[in-house]
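Some notes on the structure that comes next.
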Protein chains: 2
Amino acid sequence: MEKKIKIGLIGLGTVGSGVFKTLKNFDYVEVVKIAVRNINKPRNIEGLDNSILTDNPYDVVNDPEIDIVAELVGGLDPAFDLIKTAIENGKHIVTANKELLAKRGEELFAIAEKHNKVVLYEAAIAGGIPLIMPIKTILAGNKINKIEAIVNGTTNYILTKMDVDGASYEDVLKEAQELGYAEADPTGDVEGFDAAYKIATLATITFHKRIKIENIYREGITKIRSADMKAANDLGYKIKLIASGKIDEEGNADVRVHPMLVSKKTTLAHIDYVTNAVHLSGHPVGSITLSGPGAGEFPTASSVVGDILAICAELGKSDYILPMMRCKDNCDAKMIDISQTENKYYLSITARNNMGVIGKIGTICAENGISLASIVQKRISDDNTAEITVITEIASEASMQNAIKLIEQDGNKVNSLIRVQV
Amino acid sequence: MEKKIKIGLIGLGTVGSGVFKTLKNFDYVEVVKIAVRNINKPRNIEGLDNSILTDNPYDVVNDPEIDIVAELVGGLDPAFDLIKTAIENGKHIVTANKELLAKRGEELFAIAEKHNKVVLYEAAIAGGIPLIMPIKTILAGNKINKIEAIVNGTTNYILTKMDVDGASYEDVLKEAQELGYAEADPTGDVEGFDAAYKIATLATITFHKRIKIENIYREGITKIRSADMKAANDLGYKIKLIASGKIDEEGNADVRVHPMLVSKKTTLAHIDYVTNAVHLSGHPVGSITLSGPGAGEFPTASSVVGDILAICAELGKSDYILPMMRCKDNCDAKMIDISQTENKYYLSITARNNMGVIGKIGTICAENGISLASIVQKRISDDNTAEITVITEIASEASMQNAIKLIEQDGNKVNSLIRVQV
């Protein structure tokens, strides 16, 4: 009998149990140890021998028998030290830890290279969607210079429900929390931290330059109003939380997470609820879109198991496995600050309803070098204010921010400023 | 200086020149020989040294210096013998030849395994979309049991234009031919041969069973009428040429190419013009959709170059490279004939406009065990006939064919029978 490849898991929650169940289908691998928080918790997992459970994750990373460790608990601590120890003990790593990769990926990859081990992380970004491995292998001939992605299921669920039901952010958030789509403290999702972790790593491997998390402009969805949703719809757009990245010919990178008006003519506009999608543009491939489930027990397990099987296939056949999957993107990108960028903008303004208010707003924009694509006065309220919706042509962020200040100084209220896909 | 990896190309047409130009960006590879039909044809390709051209493709496959041969001419003859010779001469192969793979892939892969060489073919199916490598690597943990794909750009262009412009098949085909989207003899595309070649290979690697081209049910788009397009739209569908595959728990495979009414709620309905898309469902991943350019100089080059670079990355590091990319799917699938399948159907009927004709059609369906999801009588023509549109629930193909016979025997004309996505 051929020797089975030995797998250790850290974590047996949603993802961990999906990985355990899926690996059962492959007779050449064997899960020999699993670190859990509570060893006595009842678990209903077919084929699980409780004697392989431990509540000390160092039992997994120090087990000399184990070839591959899958870290599935998340967070920085103790995940970083566990992975570091596992690598130093000669193990290859599979992880779904987007925060760790975004904040300490560079160190981890350096340790891995020093010990000639790989760290794979397909599951960390966009769950079950094949993304990291395709970018690093079959798309390797490309120079990809643009990413637009929906990588957070919670916010996409909330925005979709706001759109479909015409409901407020607060009401939909509450419903999402009840359904388990949003956490009790939703900050990590709704303020865009989760998406920022993901685009940090995705942009790094796509642009071949290290994108530091602290250089990513981040804006969440908490200020999106159902009135914005409706106005966007009327203008031919959907509002999505888009994690984006661009890199120019000189290597200047612009990486951000913020709500965006996305044309209904594009695929991204139709990615609804918890589905994720990643749109990549570059040469020679042109534009491709990869979409699918961004989270969940089994979709995430698909990616973790895919990484494990890729390592298994190479183990013992070569001492330098999976060369294309190594991290070689350690040169920091030159970053463009949001204040230096140019964008199209959607503006919602509650204006004093006097004669010429539209003209005044138009003049302020013109004086700041901002051309308008459309300006619509929607209705006059009982309090004698008017709702005005503006879509601009491409303008500099600095000019736009200045124009907003002037519009507000003139006695109007700017309800929303949302960037528009170009 | 490290020795460069030597590449030979067979073909320097659209795809070949894209590959040549793209490989120029990688300094560790060198194209050392290119077989062309006419060595004296003027070519405007930057960096091309005409001295590496030959009009004898055997000069490429017999060149002892060459490590990897990319076959980019298509067809069976002499492509099969060229690739066979190249493998026997110790070369790895990259090909974009869908017809060859569908008809003689099994032989080719056997020859390759015998000589411990790989044959990669990402470009053969869905052009620039990452598909084959993801299925064989990062999705390897899955049991995928359903494929629905738009893999022929010409027919998707024609159907999109018929839909958008309300034009007839004949008019749009003529326009597509003038624009170069359809060939002078469009048979290979419009009768579904091209899509059948692609789904043969795609289903084989996805289901891990060999799907023989002669067992694929095939129906083209030439009979689709603009009236069908309109009726489908009114019912919430688009008509697409779908290459599909299903495999059940017992390993029975149902693989086909035919027009299909696709719900506007699905991504495939919005894949327009020459774009391709592949929708895969299975466990544990769930459903994913990969879309992008299905043909063209550069998108196809992206996939050919991706395959070449994947081989390059492994060359010299191991004697058994890319184990996951090998073909191990040589056991023939048990096939389900179209006559044994169950489907939903769209029917367009021109009926004698007598009292009770709808009732009669309904009765014929009921007597054949066919439930109706909807039946609409659209209008009565000057010649006293009525246009009736039917959508059925799931029914057996045999019952449906029998019902059509009876409906026609009753003096009505069945204009179209198109299967509906379930």
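As shown in the structure tokens, the chain order sets the letters A, B, ...; within each chain, residues go from 1, and ligands are also counted from 1 in the order they appear.
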
Original post:
Among region 118-301 of chain A, which residues carry a DSSP assignment of strand (DSSP E), reported as a ChimeraX atom specification?
Top reply: /A:119-120,143-150,217-218,237-247,252-263,275-283,286-293

Next, dump the selected residues to file, keeping only N, CA and C atoms, as a compact mmCIF listing (two decimals), in the first residue's frame.
```
# COMPACT_ATOMS: atom_id res chain seq x y z
N VAL A 119 2.92 28.39 0.14
CA VAL A 119 1.73 28.82 0.87
C VAL A 119 0.66 29.11 -0.18
N LEU A 120 -0.39 28.31 -0.22
CA LEU A 120 -1.47 28.51 -1.21
C LEU A 120 -2.71 29.04 -0.50
N LYS A 143 -0.36 40.71 -19.06
CA LYS A 143 -0.13 41.87 -18.22
C LYS A 143 -1.51 42.41 -17.88
N ILE A 144 -2.00 42.08 -16.70
CA ILE A 144 -3.35 42.51 -16.32
C ILE A 144 -3.23 43.86 -15.63
N ASN A 145 -4.01 44.84 -16.10
CA ASN A 145 -3.85 46.18 -15.54
C ASN A 145 -5.11 46.73 -14.87
N LYS A 146 -6.16 45.92 -14.81
CA LYS A 146 -7.38 46.41 -14.19
C LYS A 146 -8.17 45.27 -13.54
N ILE A 147 -8.62 45.52 -12.32
CA ILE A 147 -9.47 44.56 -11.59
C ILE A 147 -10.70 45.32 -11.13
N GLU A 148 -11.88 44.74 -11.30
CA GLU A 148 -13.09 45.25 -10.66
C GLU A 148 -13.80 44.04 -10.09
N ALA A 149 -14.04 44.04 -8.78
CA ALA A 149 -14.50 42.81 -8.18
C ALA A 149 -15.53 43.04 -7.09
N ILE A 150 -16.45 42.10 -6.99
CA ILE A 150 -17.38 42.00 -5.87
C ILE A 150 -16.89 40.82 -5.05
N TYR A 217 -7.53 52.81 -0.39
CA TYR A 217 -8.64 53.69 -0.02
C TYR A 217 -9.86 52.82 0.25
N ARG A 218 -10.55 53.11 1.35
CA ARG A 218 -11.64 52.24 1.77
C ARG A 218 -12.84 53.05 2.23
N TYR A 237 -27.95 52.21 -13.83
CA TYR A 237 -26.86 51.65 -13.03
C TYR A 237 -27.39 50.82 -11.86
N LYS A 238 -26.53 50.00 -11.29
CA LYS A 238 -26.72 49.39 -9.98
C LYS A 238 -25.60 49.91 -9.08
N ILE A 239 -25.85 49.94 -7.77
CA ILE A 239 -24.78 50.32 -6.84
C ILE A 239 -24.20 49.06 -6.21
N LYS A 240 -22.91 48.88 -6.36
CA LYS A 240 -22.22 47.70 -5.84
C LYS A 240 -21.01 48.15 -5.03
N LEU A 241 -20.61 47.37 -4.03
CA LEU A 241 -19.34 47.64 -3.35
C LEU A 241 -18.25 46.99 -4.18
N ILE A 242 -17.46 47.82 -4.83
CA ILE A 242 -16.46 47.32 -5.78
C ILE A 242 -15.06 47.45 -5.19
N ALA A 243 -14.36 46.35 -5.17
CA ALA A 243 -12.93 46.36 -4.86
C ALA A 243 -12.22 46.46 -6.19
N SER A 244 -11.45 47.54 -6.37
CA SER A 244 -10.87 47.76 -7.69
C SER A 244 -9.38 48.00 -7.60
N GLY A 245 -8.73 47.75 -8.70
CA GLY A 245 -7.31 48.04 -8.81
C GLY A 245 -6.97 48.39 -10.23
N LYS A 246 -6.09 49.38 -10.38
CA LYS A 246 -5.59 49.73 -11.70
C LYS A 246 -4.09 49.95 -11.57
N ILE A 247 -3.36 49.66 -12.62
CA ILE A 247 -1.93 50.00 -12.61
C ILE A 247 -1.60 50.58 -13.97
N ASN A 252 2.26 52.85 -11.52
CA ASN A 252 1.53 53.51 -10.43
C ASN A 252 0.20 52.80 -10.21
N ALA A 253 -0.02 52.37 -8.98
CA ALA A 253 -1.21 51.58 -8.69
C ALA A 253 -2.25 52.38 -7.91
N ASP A 254 -3.50 52.14 -8.22
CA ASP A 254 -4.65 52.80 -7.60
C ASP A 254 -5.58 51.66 -7.17
N VAL A 255 -5.58 51.39 -5.87
CA VAL A 255 -6.33 50.24 -5.36
C VAL A 255 -7.30 50.73 -4.30
N ARG A 256 -8.57 50.37 -4.42
CA ARG A 256 -9.59 50.90 -3.52
C ARG A 256 -10.74 49.95 -3.30
N VAL A 257 -11.51 50.28 -2.27
CA VAL A 257 -12.79 49.63 -2.02
C VAL A 257 -13.78 50.75 -1.76
N HIS A 258 -14.80 50.89 -2.58
CA HIS A 258 -15.86 51.86 -2.31
C HIS A 258 -17.10 51.52 -3.12
N PRO A 259 -18.26 52.04 -2.71
CA PRO A 259 -19.45 51.81 -3.51
C PRO A 259 -19.25 52.43 -4.90
N MET A 260 -19.88 51.84 -5.88
CA MET A 260 -19.70 52.33 -7.25
C MET A 260 -20.99 52.13 -8.03
N LEU A 261 -21.36 53.11 -8.85
CA LEU A 261 -22.45 52.92 -9.80
C LEU A 261 -21.90 52.13 -10.98
N VAL A 262 -22.48 50.95 -11.20
CA VAL A 262 -21.99 50.02 -12.22
C VAL A 262 -23.06 49.91 -13.30
N SER A 263 -22.68 50.11 -14.55
CA SER A 263 -23.64 50.08 -15.65
C SER A 263 -24.36 48.74 -15.72
N THR A 275 -23.37 36.14 -4.20
CA THR A 275 -22.43 35.75 -5.25
C THR A 275 -21.29 36.76 -5.34
N ASN A 276 -20.12 36.27 -5.67
CA ASN A 276 -18.94 37.11 -5.90
C ASN A 276 -18.58 37.08 -7.38
N ALA A 277 -17.85 38.07 -7.84
CA ALA A 277 -17.37 38.06 -9.22
C ALA A 277 -16.12 38.90 -9.33
N VAL A 278 -15.23 38.47 -10.20
CA VAL A 278 -13.99 39.21 -10.42
C VAL A 278 -13.83 39.43 -11.92
N HIS A 279 -13.69 40.71 -12.28
CA HIS A 279 -13.50 41.09 -13.67
C HIS A 279 -12.05 41.53 -13.84
N LEU A 280 -11.36 40.93 -14.78
CA LEU A 280 -9.95 41.26 -15.02
C LEU A 280 -9.78 41.72 -16.45
N SER A 281 -8.99 42.78 -16.65
CA SER A 281 -8.69 43.23 -18.01
C SER A 281 -7.19 43.32 -18.19
N GLY A 282 -6.74 42.91 -19.34
CA GLY A 282 -5.32 43.02 -19.62
C GLY A 282 -5.00 42.52 -21.01
N HIS A 283 -3.73 42.42 -21.28
CA HIS A 283 -3.28 41.97 -22.59
C HIS A 283 -2.41 40.74 -22.42
N GLY A 286 -7.62 40.30 -22.94
CA GLY A 286 -8.81 41.14 -23.04
C GLY A 286 -9.49 41.18 -21.69
N SER A 287 -10.79 40.96 -21.66
CA SER A 287 -11.53 41.01 -20.39
C SER A 287 -12.19 39.68 -20.09
N ILE A 288 -12.02 39.22 -18.87
CA ILE A 288 -12.71 38.00 -18.44
C ILE A 288 -13.41 38.25 -17.11
N THR A 289 -14.48 37.51 -16.88
CA THR A 289 -15.21 37.61 -15.62
C THR A 289 -15.39 36.22 -15.04
N LEU A 290 -15.02 36.07 -13.78
CA LEU A 290 -15.14 34.80 -13.09
C LEU A 290 -16.11 35.01 -11.94
N SER A 291 -17.19 34.23 -11.90
CA SER A 291 -18.18 34.45 -10.84
C SER A 291 -18.61 33.15 -10.20
N GLY A 292 -19.06 33.26 -8.96
CA GLY A 292 -19.51 32.07 -8.23
C GLY A 292 -19.67 32.37 -6.76
N PRO A 293 -19.81 31.32 -5.95
CA PRO A 293 -20.04 31.53 -4.52
C PRO A 293 -18.77 32.02 -3.83
```

Original post:
Would you list which chain A residues are within 7 Å of chain B using only C-alpha atoms, as an MDAnalysis selection string?
Top reply: chainID A and resid 128:130 133:134 137:142 284:292 298:299 301:303 305:307 310 313 317:318 323:324

Deliver the residues from the most recent selection as a file, using N, CA and C atoms, as an mmCIF file, in the first residue's frame.
```cif
data_model
loop_
_atom_site.group_PDB
_atom_site.id
_atom_site.type_symbol
_atom_site.label_atom_id
_atom_site.label_comp_id
_atom_site.auth_asym_id
_atom_site.auth_seq_id
_atom_site.Cartn_x
_atom_site.Cartn_y
_atom_site.Cartn_z
ATOM 1 N N GLY A 128 -15.126 29.982 -3.620
ATOM 2 C CA GLY A 128 -14.992 28.858 -4.529
ATOM 3 C C GLY A 128 -14.599 29.222 -5.949
ATOM 4 N N ILE A 129 -14.522 30.514 -6.259
ATOM 5 C CA ILE A 129 -14.210 30.920 -7.638
ATOM 6 C C ILE A 129 -12.740 30.637 -7.939
ATOM 7 N N PRO A 130 -12.454 29.924 -9.026
ATOM 8 C CA PRO A 130 -11.057 29.702 -9.414
ATOM 9 C C PRO A 130 -10.440 31.044 -9.800
ATOM 10 N N MET A 133 -5.056 30.539 -8.654
ATOM 11 C CA MET A 133 -4.304 29.596 -9.480
ATOM 12 C C MET A 133 -4.390 29.946 -10.964
ATOM 13 N N PRO A 134 -5.584 30.262 -11.506
ATOM 14 C CA PRO A 134 -5.621 30.702 -12.908
ATOM 15 C C PRO A 134 -4.757 31.933 -13.180
ATOM 16 N N THR A 137 -1.150 30.804 -13.221
ATOM 17 C CA THR A 137 -0.718 29.756 -14.158
ATOM 18 C C THR A 137 -1.170 30.083 -15.586
ATOM 19 N N ILE A 138 -2.421 29.766 -15.913
ATOM 20 C CA ILE A 138 -2.833 29.845 -17.313
ATOM 21 C C ILE A 138 -2.893 31.289 -17.818
ATOM 22 N N LEU A 139 -3.030 32.258 -16.919
ATOM 23 C CA LEU A 139 -3.021 33.670 -17.346
ATOM 24 C C LEU A 139 -1.631 34.300 -17.217
ATOM 25 N N ALA A 140 -0.620 33.495 -16.942
ATOM 26 C CA ALA A 140 0.714 34.047 -16.652
ATOM 27 C C ALA A 140 1.307 34.834 -17.818
ATOM 28 N N GLY A 141 0.820 34.596 -19.031
ATOM 29 C CA GLY A 141 1.339 35.324 -20.177
ATOM 30 C C GLY A 141 0.804 36.743 -20.293
ATOM 31 N N ASN A 142 -0.095 37.122 -19.385
ATOM 32 C CA ASN A 142 -0.762 38.419 -19.479
ATOM 33 C C ASN A 142 -0.140 39.496 -18.611
ATOM 34 N N PRO A 284 -2.578 39.728 -23.255
ATOM 35 C CA PRO A 284 -3.417 39.645 -24.451
ATOM 36 C C PRO A 284 -4.857 39.182 -24.214
ATOM 37 N N VAL A 285 -5.253 38.819 -23.029
ATOM 38 C CA VAL A 285 -6.531 38.102 -22.895
ATOM 39 C C VAL A 285 -7.748 38.971 -23.167
ATOM 40 N N GLY A 286 -7.618 40.301 -22.942
ATOM 41 C CA GLY A 286 -8.814 41.142 -23.042
ATOM 42 C C GLY A 286 -9.493 41.176 -21.692
ATOM 43 N N SER A 287 -10.793 40.957 -21.655
ATOM 44 C CA SER A 287 -11.532 41.009 -20.390
ATOM 45 C C SER A 287 -12.193 39.677 -20.088
ATOM 46 N N ILE A 288 -12.024 39.218 -18.865
ATOM 47 C CA ILE A 288 -12.710 37.998 -18.443
ATOM 48 C C ILE A 288 -13.411 38.253 -17.114
ATOM 49 N N THR A 289 -14.476 37.510 -16.879
ATOM 50 C CA THR A 289 -15.207 37.614 -15.618
ATOM 51 C C THR A 289 -15.393 36.223 -15.036
ATOM 52 N N LEU A 290 -15.017 36.068 -13.781
ATOM 53 C CA LEU A 290 -15.142 34.795 -13.089
ATOM 54 C C LEU A 290 -16.114 35.006 -11.942
ATOM 55 N N SER A 291 -17.188 34.228 -11.897
ATOM 56 C CA SER A 291 -18.180 34.450 -10.845
ATOM 57 C C SER A 291 -18.609 33.147 -10.198
ATOM 58 N N GLY A 292 -19.065 33.256 -8.957
ATOM 59 C CA GLY A 292 -19.505 32.074 -8.231
ATOM 60 C C GLY A 292 -19.673 32.374 -6.761
ATOM 61 N N PHE A 298 -18.973 24.551 1.648
ATOM 62 C CA PHE A 298 -18.485 23.727 0.554
ATOM 63 C C PHE A 298 -17.744 24.505 -0.526
ATOM 64 N N PRO A 299 -18.246 25.679 -0.956
ATOM 65 C CA PRO A 299 -17.464 26.419 -1.954
ATOM 66 C C PRO A 299 -16.049 26.716 -1.470
ATOM 67 N N ALA A 301 -14.411 25.034 0.765
ATOM 68 C CA ALA A 301 -13.704 23.746 0.804
ATOM 69 C C ALA A 301 -13.177 23.362 -0.576
ATOM 70 N N SER A 302 -13.947 23.684 -1.623
ATOM 71 C CA SER A 302 -13.492 23.386 -2.984
ATOM 72 C C SER A 302 -12.109 23.967 -3.234
ATOM 73 N N SER A 303 -11.918 25.223 -2.823
ATOM 74 C CA SER A 303 -10.639 25.889 -3.065
ATOM 75 C C SER A 303 -9.543 25.361 -2.148
ATOM 76 N N VAL A 305 -9.358 22.384 -0.801
ATOM 77 C CA VAL A 305 -9.017 21.035 -1.257
ATOM 78 C C VAL A 305 -8.266 21.087 -2.582
ATOM 79 N N GLY A 306 -8.665 22.001 -3.475
ATOM 80 C CA GLY A 306 -7.928 22.175 -4.728
ATOM 81 C C GLY A 306 -6.462 22.490 -4.470
ATOM 82 N N ASP A 307 -6.205 23.387 -3.541
ATOM 83 C CA ASP A 307 -4.816 23.710 -3.172
ATOM 84 C C ASP A 307 -4.096 22.498 -2.595
ATOM 85 N N ALA A 310 -3.274 20.046 -5.303
ATOM 86 C CA ALA A 310 -2.191 20.538 -6.167
ATOM 87 C C ALA A 310 -0.835 20.274 -5.515
ATOM 88 N N ALA A 313 -0.100 16.475 -5.660
ATOM 89 C CA ALA A 313 0.290 15.990 -6.987
ATOM 90 C C ALA A 313 1.780 16.164 -7.231
ATOM 91 N N LYS A 317 7.768 14.363 -6.178
ATOM 92 C CA LYS A 317 8.175 14.288 -7.582
ATOM 93 C C LYS A 317 9.281 15.287 -7.886
ATOM 94 N N SER A 318 9.421 16.280 -7.028
ATOM 95 C CA SER A 318 10.392 17.331 -7.286
ATOM 96 C C SER A 318 10.692 17.979 -5.949
ATOM 97 N N PRO A 323 6.356 25.903 -9.004
ATOM 98 C CA PRO A 323 7.110 27.153 -9.159
ATOM 99 C C PRO A 323 6.229 28.345 -9.511
ATOM 100 N N MET A 324 5.151 28.115 -10.287
ATOM 101 C CA MET A 324 4.301 29.237 -10.685
ATOM 102 C C MET A 324 3.491 29.791 -9.519
#
```

**OP:** Compile the contact shell of Phe80 (chain A) as a ChimeraX atom specification: residues with an atom at most 8 Å away, counting only C-alpha atoms, same-chain residues fewer than 5 positions apart removed.
**Re:** /A:100,104,108

**OP:** Give me the residues within 6 Å of Ile388 (chain B) as a ChimeraX atom specification, counting only C-alpha atoms and dropping any in the same chain fewer than 3 places off.
**Re:** /B:348-349,376-378

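For the set B:Ala203, B:Val60, B:Val36, B:Ala102, the residue with the smallest atom-to-atom gap to Val73 (chain B) is B:Val36, counting only C-alpha atoms.
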
**OP:** Go ahead and compute the interatomic distance for CA of His92 (chain A) and CA of Asp67 (chain A), in Å to one decimal.
**Re:** 6.6 Å

Original post:
At what distance in Å, to one decimal, does CA of Ile87 (chain B) lie from CA of Ile66 (chain B)?
Top reply: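 One can read the CA of Ile66 (chain B) to CA of Ile87 (chain B) distance as 11.2 Å.
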
Original post:
How many Å separate CA of Leu202 (chain A) from CA of Gln340 (chain A)?
Top reply: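 Computed distance, CA of Leu202 (chain A) to CA of Gln340 (chain A), equals 22.4 Å.
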
**OP:** For Thr389 (chain B), list every protein, DNA or RNA residue within 10 Å, evaluated using only C-alpha atoms, and leave out those in the same chain fewer than 6 positions away; present the list as a list of chain:residue names.
**Re:**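 Selected residues are B:Asp228, B:Ala231, B:Ala232, B:Leu235, B:Tyr346, B:Leu347, B:Ser348, B:Ile349, B:Thr350, B:Ser374, B:Ile375, B:Val376, B:Gln377, B:Lys378, B:Val414, B:Asn415, B:Ser416.
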
Store the residues of this selection in a file with N, CA and C atoms, as a PDB file, in the first residue's frame.
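Writing the result to out.pdb gives the following:
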```pdb
ATOM      1  N   ASP B 228     -39.441  33.390 -33.050  1.00  0.00           N
ATOM      2  CA  ASP B 228     -39.104  32.615 -31.845  1.00  0.00           C
ATOM      3  C   ASP B 228     -38.369  33.494 -30.835  1.00  0.00           C
ATOM      4  N   ALA B 231     -40.920  35.727 -29.175  1.00  0.00           N
ATOM      5  CA  ALA B 231     -41.769  34.969 -28.237  1.00  0.00           C
ATOM      6  C   ALA B 231     -40.983  34.597 -26.985  1.00  0.00           C
ATOM      7  N   ALA B 232     -39.730  34.173 -27.169  1.00  0.00           N
ATOM      8  CA  ALA B 232     -38.892  33.787 -26.023  1.00  0.00           C
ATOM      9  C   ALA B 232     -38.710  34.993 -25.097  1.00  0.00           C
ATOM     10  N   LEU B 235     -41.538  35.730 -22.926  1.00  0.00           N
ATOM     11  CA  LEU B 235     -41.722  34.745 -21.865  1.00  0.00           C
ATOM     12  C   LEU B 235     -40.595  34.785 -20.832  1.00  0.00           C
ATOM     13  N   TYR B 346     -40.200  24.520 -25.746  1.00  0.00           N
ATOM     14  CA  TYR B 346     -40.915  25.648 -26.344  1.00  0.00           C
ATOM     15  C   TYR B 346     -41.408  25.180 -27.700  1.00  0.00           C
ATOM     16  N   LEU B 347     -42.665  25.414 -27.960  1.00  0.00           N
ATOM     17  CA  LEU B 347     -43.270  25.024 -29.237  1.00  0.00           C
ATOM     18  C   LEU B 347     -43.915  26.238 -29.871  1.00  0.00           C
ATOM     19  N   SER B 348     -43.653  26.471 -31.142  1.00  0.00           N
ATOM     20  CA  SER B 348     -44.409  27.483 -31.867  1.00  0.00           C
ATOM     21  C   SER B 348     -45.262  26.765 -32.911  1.00  0.00           C
ATOM     22  N   ILE B 349     -46.547  26.988 -32.855  1.00  0.00           N
ATOM     23  CA  ILE B 349     -47.477  26.273 -33.727  1.00  0.00           C
ATOM     24  C   ILE B 349     -48.330  27.268 -34.525  1.00  0.00           C
ATOM     25  N   THR B 350     -48.427  27.058 -35.824  1.00  0.00           N
ATOM     26  CA  THR B 350     -49.427  27.791 -36.603  1.00  0.00           C
ATOM     27  C   THR B 350     -50.643  26.872 -36.730  1.00  0.00           C
ATOM     28  N   SER B 374     -47.277  27.008 -19.964  1.00  0.00           N
ATOM     29  CA  SER B 374     -48.032  28.153 -20.494  1.00  0.00           C
ATOM     30  C   SER B 374     -48.435  27.877 -21.934  1.00  0.00           C
ATOM     31  N   ILE B 375     -49.542  28.430 -22.323  1.00  0.00           N
ATOM     32  CA  ILE B 375     -49.979  28.337 -23.723  1.00  0.00           C
ATOM     33  C   ILE B 375     -50.602  29.685 -24.080  1.00  0.00           C
ATOM     34  N   VAL B 376     -50.081  30.294 -25.134  1.00  0.00           N
ATOM     35  CA  VAL B 376     -50.517  31.638 -25.508  1.00  0.00           C
ATOM     36  C   VAL B 376     -50.929  31.643 -26.974  1.00  0.00           C
ATOM     37  N   GLN B 377     -52.134  32.115 -27.235  1.00  0.00           N
ATOM     38  CA  GLN B 377     -52.544  32.292 -28.633  1.00  0.00           C
ATOM     39  C   GLN B 377     -52.315  33.748 -28.973  1.00  0.00           C
ATOM     40  N   LYS B 378     -51.390  34.004 -29.925  1.00  0.00           N
ATOM     41  CA  LYS B 378     -50.910  35.356 -30.106  1.00  0.00           C
ATOM     42  C   LYS B 378     -51.773  36.203 -31.020  1.00  0.00           C
ATOM     43  N   VAL B 414     -46.156  22.800 -36.879  1.00  0.00           N
ATOM     44  CA  VAL B 414     -45.216  23.097 -35.789  1.00  0.00           C
ATOM     45  C   VAL B 414     -44.008  23.801 -36.397  1.00  0.00           C
ATOM     46  N   ASN B 415     -43.910  25.097 -36.126  1.00  0.00           N
ATOM     47  CA  ASN B 415     -42.826  25.890 -36.712  1.00  0.00           C
ATOM     48  C   ASN B 415     -41.494  25.631 -36.029  1.00  0.00           C
ATOM     49  N   SER B 416     -41.519  25.516 -34.713  1.00  0.00           N
ATOM     50  CA  SER B 416     -40.282  25.380 -33.952  1.00  0.00           C
ATOM     51  C   SER B 416     -40.497  24.519 -32.737  1.00  0.00           C
TER      52      SER B 416
END
```

**OP:** Go through region 239-410 of chain A and collect every residue that DSSP, computed from the backbone, puts in alpha helix (DSSP H); the answer should be as a ChimeraX atom specification.
**Re:** /A:297-314,357-367,397-409

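Compared by their closest atoms to Ala126 (chain B), and using only C-alpha atoms, the residues B:Ile199, B:Met325, B:Ile221, B:Leu179 rank with B:Ile199 nearest.
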
**OP:** Write out as an MDAnalysis selection string each polymer residue whose atoms come within 9 Å of Asn343 (chain B), counting only C-alpha atoms; drop sequence neighbours fewer than 2 positions from it.
**Re:** chainID B and resid 341 345 392:397 419:422

Serialized selection, N, CA and C atoms, as a compact mmCIF listing (two decimals), in the first residue's frame:
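Contents of out.txt, freshly written:
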```
# COMPACT_ATOMS: atom_id res chain seq x y z
N THR B 341 -34.12 11.21 -23.17
CA THR B 341 -33.99 12.30 -22.20
C THR B 341 -35.34 12.92 -21.87
N TYR B 345 -39.94 22.13 -23.10
CA TYR B 345 -39.96 22.49 -24.51
C TYR B 345 -40.71 23.79 -24.76
N THR B 392 -43.75 23.81 -22.14
CA THR B 392 -44.19 22.63 -21.38
C THR B 392 -43.43 22.55 -20.05
N GLU B 393 -43.95 21.72 -19.17
CA GLU B 393 -43.15 21.28 -18.02
C GLU B 393 -42.21 20.18 -18.52
N ILE B 394 -41.46 19.58 -17.62
CA ILE B 394 -40.53 18.53 -18.05
C ILE B 394 -41.33 17.34 -18.59
N ALA B 395 -40.91 16.89 -19.78
CA ALA B 395 -41.59 15.78 -20.43
C ALA B 395 -40.56 14.95 -21.17
N SER B 396 -40.91 13.73 -21.51
CA SER B 396 -39.93 12.89 -22.20
C SER B 396 -39.87 13.29 -23.67
N GLU B 397 -38.67 13.20 -24.23
CA GLU B 397 -38.45 13.56 -25.63
C GLU B 397 -39.34 12.71 -26.53
N ARG B 419 -35.69 23.37 -27.00
CA ARG B 419 -35.66 22.93 -25.61
C ARG B 419 -35.41 24.13 -24.69
N VAL B 420 -35.94 24.01 -23.49
CA VAL B 420 -35.89 25.11 -22.52
C VAL B 420 -34.98 24.69 -21.35
N GLN B 421 -34.16 25.62 -20.92
CA GLN B 421 -33.27 25.37 -19.77
C GLN B 421 -34.08 24.95 -18.54
N VAL B 422 -33.63 23.91 -17.84
CA VAL B 422 -34.31 23.52 -16.59
C VAL B 422 -33.40 23.79 -15.40
```
